[in-house]
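Data file: run-v1.tsv. Format and content: TSV, N, CA, C and O atoms.
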chain	number	residue	atom	x	y	z
A	1	VAL	N	0.83	-1.19	0.00
A	1	VAL	CA	0.00	0.00	0.00
A	1	VAL	C	0.87	1.25	0.00
A	1	VAL	O	0.64	2.17	-0.77
A	2	LEU	N	1.87	1.28	0.86
A	2	LEU	CA	2.71	2.48	0.97
A	2	LEU	C	3.49	2.74	-0.32
A	2	LEU	O	3.49	3.86	-0.83
A	3	ALA	N	4.14	1.73	-0.85
A	3	ALA	CA	4.94	1.94	-2.08
A	3	ALA	C	4.06	2.39	-3.23
A	3	ALA	O	4.44	3.31	-3.97
A	4	ARG	N	2.90	1.78	-3.38
A	4	ARG	CA	1.98	2.20	-4.47
A	4	ARG	C	1.50	3.62	-4.24
A	4	ARG	O	1.40	4.41	-5.18
A	5	GLY	N	1.16	3.96	-3.00
A	5	GLY	CA	0.69	5.31	-2.70
A	5	GLY	C	1.75	6.36	-2.95
A	5	GLY	O	1.47	7.43	-3.49
A	6	LEU	N	2.98	6.07	-2.56
A	6	LEU	CA	4.07	7.02	-2.80
A	6	LEU	C	4.31	7.19	-4.29
A	6	LEU	O	4.49	8.32	-4.76
A	7	ALA	N	4.29	6.11	-5.05
A	7	ALA	CA	4.48	6.20	-6.50
A	7	ALA	C	3.37	7.03	-7.13
A	7	ALA	O	3.63	7.85	-8.02
A	8	ARG	N	2.15	6.85	-6.66
A	8	ARG	CA	1.01	7.62	-7.18
A	8	ARG	C	1.20	9.11	-6.93
A	8	ARG	O	0.79	9.95	-7.73
A	9	LEU	N	1.88	9.45	-5.84
A	9	LEU	CA	2.14	10.85	-5.50
A	9	LEU	C	3.41	11.39	-6.17
A	9	LEU	O	3.81	12.52	-5.92
A	10	GLY	N	4.05	10.57	-6.99
A	10	GLY	CA	5.26	11.02	-7.67
A	10	GLY	C	6.51	10.87	-6.84
A	10	GLY	O	7.51	11.54	-7.09
A	11	LEU	N	6.47	9.99	-5.84
A	11	LEU	CA	7.62	9.72	-4.98
A	11	LEU	C	8.00	8.25	-5.13
A	11	LEU	O	7.71	7.42	-4.26
A	12	PRO	N	8.64	7.89	-6.22
A	12	PRO	CA	8.92	6.48	-6.48
A	12	PRO	C	9.88	5.87	-5.45
A	12	PRO	O	10.83	6.51	-5.01
A	13	VAL	N	9.59	4.66	-5.08
A	13	VAL	CA	10.45	3.90	-4.18
A	13	VAL	C	11.63	3.39	-4.97
A	13	VAL	O	11.46	2.85	-6.07
A	14	THR	N	12.83	3.55	-4.41
A	14	THR	CA	14.04	3.24	-5.17
A	14	THR	C	14.54	1.82	-4.99
A	14	THR	O	15.51	1.44	-5.62
A	15	GLY	N	13.93	1.03	-4.13
A	15	GLY	CA	14.36	-0.36	-3.95
A	15	GLY	C	13.41	-1.08	-3.02
A	15	GLY	O	12.68	-0.46	-2.25
A	16	GLU	N	13.44	-2.38	-3.09
A	16	GLU	CA	12.62	-3.19	-2.20
A	16	GLU	C	13.35	-3.39	-0.88
A	16	GLU	O	14.57	-3.57	-0.86
A	17	PRO	N	12.62	-3.37	0.23
A	17	PRO	CA	13.27	-3.58	1.53
A	17	PRO	C	13.73	-5.04	1.65
A	17	PRO	O	13.06	-5.95	1.20
A	18	LEU	N	14.89	-5.22	2.24
A	18	LEU	CA	15.43	-6.55	2.46
A	18	LEU	C	15.48	-6.80	3.97
A	18	LEU	O	16.50	-6.61	4.60
A	19	GLY	N	14.34	-7.16	4.52
A	19	GLY	CA	14.26	-7.43	5.95
A	19	GLY	C	14.02	-6.20	6.81
A	19	GLY	O	14.09	-6.28	8.02
A	20	ALA	N	13.74	-5.08	6.20
A	20	ALA	CA	13.49	-3.84	6.94
A	20	ALA	C	12.03	-3.43	6.79
A	20	ALA	O	11.30	-4.01	5.99
A	21	TYR	N	11.63	-2.43	7.53
A	21	TYR	CA	10.25	-1.96	7.52
A	21	TYR	C	10.15	-0.53	7.01
A	21	TYR	O	9.41	0.28	7.56
A	22	TYR	N	10.92	-0.23	6.00
A	22	TYR	CA	10.88	1.12	5.45
A	22	TYR	C	11.27	1.11	3.98
A	22	TYR	O	11.87	0.16	3.49
A	23	PHE	N	10.90	2.20	3.30
A	23	PHE	CA	11.26	2.43	1.91
A	23	PHE	C	12.00	3.75	1.83
A	23	PHE	O	11.70	4.69	2.57
A	24	LEU	N	12.93	3.84	0.89
A	24	LEU	CA	13.50	5.13	0.51
A	24	LEU	C	12.78	5.56	-0.76
A	24	LEU	O	12.72	4.81	-1.73
A	25	ALA	N	12.21	6.74	-0.72
A	25	ALA	CA	11.48	7.27	-1.87
A	25	ALA	C	12.22	8.48	-2.41
A	25	ALA	O	12.70	9.33	-1.65
A	26	ASP	N	12.29	8.57	-3.72
A	26	ASP	CA	12.96	9.67	-4.38
A	26	ASP	C	12.06	10.91	-4.33
A	26	ASP	O	11.00	10.94	-4.94
A	27	ALA	N	12.49	11.91	-3.58
A	27	ALA	CA	11.70	13.13	-3.39
A	27	ALA	C	12.36	14.35	-4.02
A	27	ALA	O	11.97	15.49	-3.74
A	28	ARG	N	13.33	14.13	-4.90
A	28	ARG	CA	14.08	15.27	-5.48
A	28	ARG	C	13.21	16.21	-6.28
A	28	ARG	O	13.54	17.38	-6.41
A	29	ARG	N	12.07	15.74	-6.78
A	29	ARG	CA	11.20	16.64	-7.54
A	29	ARG	C	10.55	17.68	-6.62
A	29	ARG	O	10.15	18.73	-7.08
A	30	LEU	N	10.51	17.39	-5.32
A	30	LEU	CA	9.93	18.33	-4.36
A	30	LEU	C	10.99	19.25	-3.77
A	30	LEU	O	10.74	20.43	-3.55
A	31	ASP	N	12.17	18.69	-3.48
A	31	ASP	CA	13.25	19.47	-2.88
A	31	ASP	C	14.50	18.59	-2.86
A	31	ASP	O	14.41	17.43	-2.46
A	32	SER	N	15.62	19.12	-3.26
A	32	SER	CA	16.86	18.34	-3.26
A	32	SER	C	17.46	18.24	-1.86
A	32	SER	O	18.34	17.42	-1.62
A	33	ASP	N	16.99	19.06	-0.93
A	33	ASP	CA	17.47	19.05	0.46
A	33	ASP	C	16.51	18.21	1.30
A	33	ASP	O	15.43	18.69	1.69
A	34	SER	N	16.87	16.97	1.58
A	34	SER	CA	15.96	16.06	2.27
A	34	SER	C	15.68	16.48	3.71
A	34	SER	O	14.59	16.24	4.22
A	35	LEU	N	16.64	17.10	4.38
A	35	LEU	CA	16.41	17.55	5.76
A	35	LEU	C	15.37	18.67	5.78
A	35	LEU	O	14.43	18.64	6.58
A	36	ARG	N	15.51	19.62	4.91
A	36	ARG	CA	14.54	20.72	4.83
A	36	ARG	C	13.15	20.18	4.48
A	36	ARG	O	12.14	20.57	5.09
A	37	LEU	N	13.08	19.26	3.53
A	37	LEU	CA	11.79	18.69	3.14
A	37	LEU	C	11.16	17.90	4.27
A	37	LEU	O	9.96	18.02	4.53
A	38	ALA	N	11.95	17.10	4.97
A	38	ALA	CA	11.42	16.31	6.10
A	38	ALA	C	10.86	17.24	7.18
A	38	ALA	O	9.79	16.96	7.75
A	39	ARG	N	11.53	18.33	7.45
A	39	ARG	CA	11.04	19.30	8.44
A	39	ARG	C	9.72	19.92	7.99
A	39	ARG	O	8.79	20.08	8.77
A	40	ARG	N	9.66	20.28	6.72
A	40	ARG	CA	8.41	20.87	6.19
A	40	ARG	C	7.25	19.89	6.29
A	40	ARG	O	6.14	20.27	6.67
A	41	LEU	N	7.50	18.64	5.93
A	41	LEU	CA	6.44	17.63	6.00
A	41	LEU	C	5.95	17.45	7.44
A	41	LEU	O	4.75	17.33	7.68
A	42	LEU	N	6.86	17.47	8.39
A	42	LEU	CA	6.47	17.33	9.79
A	42	LEU	C	5.66	18.53	10.25
A	42	LEU	O	4.59	18.39	10.84
A	43	GLU	N	6.14	19.72	9.95
A	43	GLU	CA	5.50	20.94	10.43
A	43	GLU	C	4.21	21.27	9.69
A	43	GLU	O	3.25	21.74	10.29
A	44	GLU	N	4.18	21.03	8.39
A	44	GLU	CA	3.05	21.47	7.57
A	44	GLU	C	2.02	20.37	7.30
A	44	GLU	O	0.83	20.65	7.23
A	45	ALA	N	2.49	19.13	7.11
A	45	ALA	CA	1.57	18.03	6.79
A	45	ALA	C	1.36	17.10	7.97
A	45	ALA	O	0.50	16.23	7.93
A	46	HIS	N	2.18	17.28	9.02
A	46	HIS	CA	2.12	16.41	10.21
A	46	HIS	C	2.39	14.95	9.85
A	46	HIS	O	1.71	14.05	10.32
A	47	VAL	N	3.40	14.77	8.99
A	47	VAL	CA	3.86	13.45	8.58
A	47	VAL	C	5.34	13.37	8.92
A	47	VAL	O	6.13	14.20	8.48
A	48	GLY	N	5.71	12.37	9.73
A	48	GLY	CA	7.10	12.19	10.13
A	48	GLY	C	7.82	11.23	9.21
A	48	GLY	O	7.37	10.10	9.01
A	49	VAL	N	8.90	11.69	8.62
A	49	VAL	CA	9.76	10.87	7.76
A	49	VAL	C	11.21	11.13	8.18
A	49	VAL	O	11.49	12.09	8.90
A	50	THR	N	12.11	10.30	7.70
A	50	THR	CA	13.53	10.51	7.97
A	50	THR	C	14.19	11.03	6.70
A	50	THR	O	13.99	10.47	5.62
A	51	PRO	N	14.99	12.11	6.82
A	51	PRO	CA	15.67	12.63	5.62
A	51	PRO	C	16.73	11.66	5.14
A	51	PRO	O	17.46	11.05	5.93
A	52	GLY	N	16.83	11.52	3.85
A	52	GLY	CA	17.79	10.61	3.26
A	52	GLY	C	19.23	10.93	3.62
A	52	GLY	O	20.05	10.02	3.74
A	53	ILE	N	19.55	12.20	3.80
A	53	ILE	CA	20.93	12.59	4.12
A	53	ILE	C	21.44	11.89	5.38
A	53	ILE	O	22.64	11.67	5.54
A	54	ASP	N	20.53	11.47	6.27
A	54	ASP	CA	20.93	10.74	7.47
A	54	ASP	C	21.59	9.41	7.14
A	54	ASP	O	22.24	8.80	7.99
A	55	PHE	N	21.43	8.94	5.90
A	55	PHE	CA	21.99	7.66	5.47
A	55	PHE	C	23.15	7.83	4.50
A	55	PHE	O	23.56	6.88	3.84
A	56	GLY	N	23.65	9.06	4.41
A	56	GLY	CA	24.81	9.32	3.58
A	56	GLY	C	24.47	10.15	2.34
A	56	GLY	O	23.30	10.30	1.99
A	57	PRO	N	25.50	10.66	1.68
A	57	PRO	CA	25.29	11.56	0.55
A	57	PRO	C	24.56	10.92	-0.64
A	57	PRO	O	23.86	11.61	-1.37
A	58	ARG	N	24.68	9.62	-0.83
A	58	ARG	CA	23.99	8.96	-1.95
A	58	ARG	C	22.48	8.93	-1.74
A	58	ARG	O	21.73	8.81	-2.71
A	59	ALA	N	22.02	9.07	-0.50
A	59	ALA	CA	20.58	9.05	-0.21
A	59	ALA	C	19.98	10.46	-0.14
A	59	ALA	O	18.78	10.60	0.07
A	60	GLU	N	20.81	11.48	-0.34
A	60	GLU	CA	20.28	12.85	-0.32
A	60	GLU	C	19.22	12.99	-1.42
A	60	GLU	O	19.36	12.43	-2.50
A	61	GLY	N	18.17	13.73	-1.10
A	61	GLY	CA	17.07	13.90	-2.03
A	61	GLY	C	16.00	12.83	-1.88
A	61	GLY	O	14.98	12.87	-2.56
A	62	HIS	N	16.23	11.89	-0.99
A	62	HIS	CA	15.27	10.83	-0.72
A	62	HIS	C	14.71	10.99	0.70
A	62	HIS	O	15.30	11.67	1.53
A	63	LEU	N	13.58	10.36	0.93
A	63	LEU	CA	12.97	10.33	2.26
A	63	LEU	C	12.72	8.87	2.63
A	63	LEU	O	12.36	8.06	1.78
A	64	ARG	N	12.91	8.56	3.90
A	64	ARG	CA	12.62	7.20	4.36
A	64	ARG	C	11.25	7.19	5.01
A	64	ARG	O	10.95	7.96	5.91
A	65	PHE	N	10.39	6.30	4.51
A	65	PHE	CA	9.03	6.12	5.02
A	65	PHE	C	8.95	4.74	5.65
A	65	PHE	O	9.26	3.74	5.01
A	66	SER	N	8.48	4.67	6.87
A	66	SER	CA	8.30	3.39	7.55
A	66	SER	C	6.91	2.83	7.27
A	66	SER	O	5.93	3.56	7.23
A	67	PHE	N	6.85	1.51	7.09
A	67	PHE	CA	5.54	0.86	6.97
A	67	PHE	C	5.31	-0.08	8.15
A	67	PHE	O	4.49	-0.99	8.07
A	68	ALA	N	5.98	0.19	9.26
A	68	ALA	CA	5.80	-0.60	10.48
A	68	ALA	C	4.71	0.06	11.33
A	68	ALA	O	4.94	0.49	12.45
A	69	SER	N	3.53	0.15	10.77
A	69	SER	CA	2.40	0.79	11.44
A	69	SER	C	1.12	0.15	10.90
A	69	SER	O	1.13	-0.55	9.89
A	70	ALA	N	0.04	0.45	11.58
A	70	ALA	CA	-1.26	-0.07	11.14
A	70	ALA	C	-1.65	0.56	9.81
A	70	ALA	O	-1.36	1.73	9.54
A	71	LEU	N	-2.31	-0.21	8.99
A	71	LEU	CA	-2.73	0.25	7.66
A	71	LEU	C	-3.50	1.56	7.69
A	71	LEU	O	-3.24	2.45	6.88
A	72	PRO	N	-4.46	1.77	8.62
A	72	PRO	CA	-5.16	3.06	8.64
A	72	PRO	C	-4.23	4.25	8.87
A	72	PRO	O	-4.45	5.32	8.31
A	73	ARG	N	-3.18	4.06	9.65
A	73	ARG	CA	-2.22	5.16	9.88
A	73	ARG	C	-1.42	5.45	8.62
A	73	ARG	O	-1.14	6.61	8.29
A	74	ILE	N	-1.04	4.42	7.91
A	74	ILE	CA	-0.31	4.60	6.65
A	74	ILE	C	-1.19	5.33	5.65
A	74	ILE	O	-0.75	6.27	4.98
A	75	GLU	N	-2.43	4.90	5.54
A	75	GLU	CA	-3.37	5.55	4.60
A	75	GLU	C	-3.60	7.01	4.98
A	75	GLU	O	-3.66	7.87	4.11
A	76	GLU	N	-3.68	7.31	6.28
A	76	GLU	CA	-3.85	8.70	6.72
A	76	GLU	C	-2.61	9.52	6.35
A	76	GLU	O	-2.72	10.66	5.90
A	77	GLY	N	-1.44	8.96	6.54
A	77	GLY	CA	-0.21	9.66	6.16
A	77	GLY	C	-0.18	9.97	4.67
A	77	GLY	O	0.20	11.07	4.27
A	78	LEU	N	-0.60	9.02	3.85
A	78	LEU	CA	-0.66	9.26	2.40
A	78	LEU	C	-1.68	10.34	2.07
A	78	LEU	O	-1.43	11.19	1.21
A	79	ARG	N	-2.82	10.35	2.76
A	79	ARG	CA	-3.82	11.42	2.53
A	79	ARG	C	-3.25	12.79	2.89
A	79	ARG	O	-3.45	13.77	2.17
A	80	ARG	N	-2.54	12.86	4.00
A	80	ARG	CA	-1.93	14.13	4.41
A	80	ARG	C	-0.88	14.60	3.40
A	80	ARG	O	-0.82	15.78	3.08
A	81	LEU	N	-0.07	13.66	2.92
A	81	LEU	CA	0.93	14.02	1.90
A	81	LEU	C	0.26	14.53	0.64
A	81	LEU	O	0.68	15.55	0.08
A	82	GLU	N	-0.78	13.86	0.21
A	82	GLU	CA	-1.47	14.27	-1.00
A	82	GLU	C	-2.08	15.66	-0.84
A	82	GLU	O	-1.97	16.52	-1.72
A	83	ALA	N	-2.69	15.93	0.30
A	83	ALA	CA	-3.28	17.24	0.56
A	83	ALA	C	-2.19	18.32	0.59
A	83	ALA	O	-2.38	19.43	0.08
A	84	TRP	N	-1.06	18.01	1.17
A	84	TRP	CA	0.05	18.97	1.27
A	84	TRP	C	0.61	19.28	-0.12
A	84	TRP	O	0.96	20.42	-0.41
A	85	MET	N	0.67	18.26	-0.95
A	85	MET	CA	1.26	18.45	-2.28
A	85	MET	C	0.32	19.25	-3.16
A	85	MET	O	0.71	19.97	-4.03
Take the structure in the file and give it back as structure tokens.
Amino acid sequence: VLARGLARLGLPVTGEPLGAYYFLADARRLDSDSLRLARRLLEEAHVGVTPGIDFGPRAEGHLRFSFASALPRIEEGLRRLEAWM
């Protein structure tokens, strides 16, 4: 659900998780500074994500989205992202 929802919003997932509960999504079309974008999403859309820069320079421009939550919470997060965009 999360990967499809992110792709629908123009935030394609860059790889399949291998034993983890998160995706890295390419958010460069919104902002190349992942820390600034993550802060904006938290403050303006009330969606918490991790900036890609926390995982090194190759992940800059990406956001990490966790899917270790109940489906209704994931769907609400996607609705908030869509409204913000």
- Message: Give me, as a VMD selection string, all polymer residues having an atom no more than 5 Å from region 32-34 of chain A, counting only N, CA, C and O atoms and skipping those fewer than 3 positions away in the same chain.
- Response: chain A and resid 28 37 to 39 51 to 52 60 to 62
- Message: One decimal, in Å: what's the spacing between atom C of Ala20 (chain A) and atom C of Val1 (chain A)?
- Response: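 Interatomic distance here is 13.9 Å.
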- Task: Can you list, as a list in words, all residues belonging to region 4-84 of chain A that DSSP tags as strand (DSSP E or B)?
- Result: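 Written out, the strand (DSSP E or B) residues of region 4-84 of chain A are Val13, Tyr22, Phe23, Leu24, Ala25, Asp26, Thr50, Pro51, His62, Leu63, Arg64, Phe65 and Ser66 of chain A.
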- 10 Å contact set for Glu75 (chain A), only C-alpha atoms, chain neighbours under 6 positions out, as a PyMOL selection string: chain A and resi 1-2+5+81
- Closest to Ala3 (chain A) among A:Phe23, A:Leu42, A:Leu30, A:Pro57, using all atoms listed in the file? A:Phe23
- Pairwise distance for atom O of Glu76 (chain A) and atom N of Val47 (chain A), rounded to one decimal in Å: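 Atom-to-atom, atom O of Glu76 (chain A) and atom N of Val47 (chain A) are spaced 8.0 Å apart.
As for CA of Ser66 (chain A) and atom N of Leu35 (chain A), they are spaced 16.4 Å apart.
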